[in-house]
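Heads up: the structure comes next, in structure tokens.
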Amino acid sequence: MSSEDQANNDQENNNDKKNSSNLNLTKEELLKNPIIKSLFVKIDVLKNGILDERKKVSELTNKIKELEAELNSKNEEIKTLKENSGQNKGGEGSSNTYEVGKLNDEITKLRFENETFLKKMNKTMIEADYRNKYQPEWPGFFLEYSFENYLKANALTGVIRYAQDKSKGGIDLDLYFPRIEMYGDLKAHSSNSKAIQGNDWDTVLSLVNSPARDNHIYYIVAEHDTYKDSDYGYAVTFYWNKMQGKEDLMSYHKRMKNNVELTHAYIFDINADNQKYLSKFRQGINSNGKPREPKIMIDQENFSHFVLADKAL
């Protein structure tokens, strides 16, 4: 290694140490900040509400499984009786048929109750005519919906506000911090995923590398455990498709989430010093055959280079 290379490496290490020191200081300051505390409190409230709903869903789902097992047993008894007698002529067979009818009615009732709990968050956004009410990856958009309402209800729009601009040349980042004139975004992140997919690569890098000022982009990240709709009878899938008038009520069923449990919250700082730890996510091809614009990605192993504050929920 040349002396010039060694000097460059030493300088880079010093910058990393300096940046790490600044991050530690900022983290301590942020954790004392009443606004940050209030955000974490709100995330805790959201988590507890989801936990209550998930407990009800789990209890109803287990009850449905028990009744379905009993129903299958009764159907087998009826089948055996028919095979033995050649036809069902009342008596014990009629009794079993009556019991099967009652079980079917009870299962239908429980399924309705189950769907009522499971679709509660989707229904809330639909009734409010929220702009992203029909997005299939609904947990992230429900978080966005709740967070946006929280900012308005608590008069915090002077501190954080939604400012997404999808027009050509616009800054496609959801959040703007007017007091410090910086941008950011709100992200829902599954604990099963090894990386957080971020915003447009060129937009992010043009901001943090602006020659005019020392720009930072702040991500507020809510990490969650994910429960697939396939494990809960596709209740959310059916409701989501039915509300849109789709003929295929199983559309998106392989990827649909039934419910989530918030487990961790982070605040990330993306800046010129730590941009080298970003990965590039290439999204593939658009319907017109042209490649989609790449996005940034923060790999889990690199979280420590970006985190300003974190809290287990």
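Each chain in the structure tokens gets a letter, A, B, ..., in the order shown, and its residues are numbered from 1; ligands are numbered from 1 in order too.
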I need the residues in range 265-306 of chain A that are strand (DSSP E or B) according to DSSP; give them as a short mmCIF file (atom, residue, chain, number, x, y, z; two decimals) with C-alpha atoms, in the first residue's frame.
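Done, and the output landed in selection.cif:
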data_model
loop_
_atom_site.label_atom_id
_atom_site.label_comp_id
_atom_site.auth_asym_id
_atom_site.auth_seq_id
_atom_site.Cartn_x
_atom_site.Cartn_y
_atom_site.Cartn_z
CA ALA A 265 -38.79 1.87 16.07
CA TYR A 266 -35.77 3.61 14.57
CA ILE A 267 -34.77 7.06 13.37
CA PHE A 268 -32.14 6.93 10.60
CA ASP A 269 -29.96 9.76 9.33
CA ILE A 270 -28.75 9.47 5.72
CA ASN A 271 -26.00 11.95 4.88
CA SER A 279 -27.05 -0.40 -1.46
CA LYS A 280 -28.77 0.05 -4.80
CA PHE A 281 -32.05 -1.79 -5.39
CA ILE A 285 -38.76 -3.36 -15.97
CA PRO A 291 -36.09 -0.11 -16.71
CA LYS A 295 -33.92 2.91 -5.18
CA ILE A 296 -31.66 3.04 -2.17
CA MET A 297 -31.58 0.11 0.21
CA ILE A 298 -30.27 -0.04 3.79
CA ASP A 299 -29.04 -3.54 4.62
#
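With only C-alpha atoms as the atoms that count, the minimum distance from Ala195 in chain A to the choices A:Tyr234, A:Tyr219, A:Phe303, A:Tyr239 is reached by A:Phe303.
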All residues 8 Å or closer to Asp172 in chain A, only C-alpha atoms, same chain fewer than 6 positions away omitted, as a PyMOL selection string
chain A and resi 164-166+199-200+203
Go ahead and write the residues just picked, N, CA and C atoms, as a PDB file, in the first residue's frame.
ATOM      1  N   GLN A 164     -45.016  15.127  -0.004  1.00  0.00           N
ATOM      2  CA  GLN A 164     -44.643  14.309  -1.155  1.00  0.00           C
ATOM      3  C   GLN A 164     -44.939  15.038  -2.453  1.00  0.00           C
ATOM      4  N   ASP A 165     -43.962  15.049  -3.366  1.00  0.00           N
ATOM      5  CA  ASP A 165     -44.122  15.708  -4.663  1.00  0.00           C
ATOM      6  C   ASP A 165     -43.686  14.732  -5.750  1.00  0.00           C
ATOM      7  N   LYS A 166     -44.671  14.100  -6.421  1.00  0.00           N
ATOM      8  CA  LYS A 166     -44.376  13.105  -7.446  1.00  0.00           C
ATOM      9  C   LYS A 166     -44.286  13.709  -8.856  1.00  0.00           C
ATOM     10  N   ASN A 199     -36.025   5.315  -0.963  1.00  0.00           N
ATOM     11  CA  ASN A 199     -36.561   6.145  -2.042  1.00  0.00           C
ATOM     12  C   ASN A 199     -35.646   6.147  -3.265  1.00  0.00           C
ATOM     13  N   ASP A 200     -36.040   6.926  -4.245  1.00  0.00           N
ATOM     14  CA  ASP A 200     -35.311   6.997  -5.505  1.00  0.00           C
ATOM     15  C   ASP A 200     -33.829   7.314  -5.281  1.00  0.00           C
ATOM     16  N   THR A 203     -32.624  10.857  -6.364  1.00  0.00           N
ATOM     17  CA  THR A 203     -33.181  11.908  -5.502  1.00  0.00           C
ATOM     18  C   THR A 203     -32.424  11.982  -4.188  1.00  0.00           C
TER      19      THR A 203
END
Selection: 7 Å around Gly184 in chain A, only C-alpha atoms, excl. self and same-chain fewer than 4 positions, as an NGL selection string: :A and (173-176 or 217-219)
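Comparing A:Tyr252, A:Phe238, A:Tyr162, A:Tyr227 by their smallest distance to Pro139 in chain A, the closest is A:Tyr227 (using only C-alpha atoms).
The interatomic distance for the pair CA of Val260 in chain A and CA of Arg161 in chain A works out to 25.2 Å.
Considering the residues A:Gln275, A:Asn258, A:Asn132, A:Ser190 and counting only C-alpha atoms, Asp229 in chain A has its shortest atom-to-atom contact with A:Asn258.
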### Message
Please list as number ranges by chain every residue within 12 Å of Gln244 in chain A, counting only C-alpha atoms and excluding residues in the same chain fewer than 3 positions away.
### Response
A: 126, 133-136, 237-241, 247-249, 251
If you keep C-alpha atoms, can you produce a file of those selected residues as a compact mmCIF listing (two decimals), in the first residue's frame?
# COMPACT_ATOMS: atom_id res chain seq x y z
CA ILE A 126 -61.62 3.19 3.21
CA LYS A 133 -56.80 3.06 0.97
CA TYR A 134 -56.54 0.25 -1.59
CA GLN A 135 -52.80 -0.30 -1.54
CA PRO A 136 -52.17 -4.06 -1.12
CA THR A 237 -57.80 -10.73 0.86
CA PHE A 238 -61.53 -11.34 0.38
CA TYR A 239 -62.48 -8.00 1.95
CA TRP A 240 -59.84 -6.01 0.03
CA ASN A 241 -60.94 -7.41 -3.33
CA GLU A 247 -64.25 -10.57 -9.70
CA ASP A 248 -61.15 -12.40 -8.50
CA LEU A 249 -61.52 -12.36 -4.71
CA SER A 251 -56.15 -11.39 -6.11
As a check of understanding: the span from CA of Leu278 in chain A to CA of Asn302 in chain A is 8.1 Å
- Message: What parts of range 82-302 of chain A does DSSP call helix (DSSP H, G or I)? I'd like the answer as a ChimeraX atom specification.
- Response: /A:82-85,92-118,120-127,138-153,201-208,229-232,235-243,275-277,300-302
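Closest to Leu143 in chain A among A:Asp129, A:Glu66, A:Glu261, A:Asp214 is A:Glu261, based on only C-alpha atoms.
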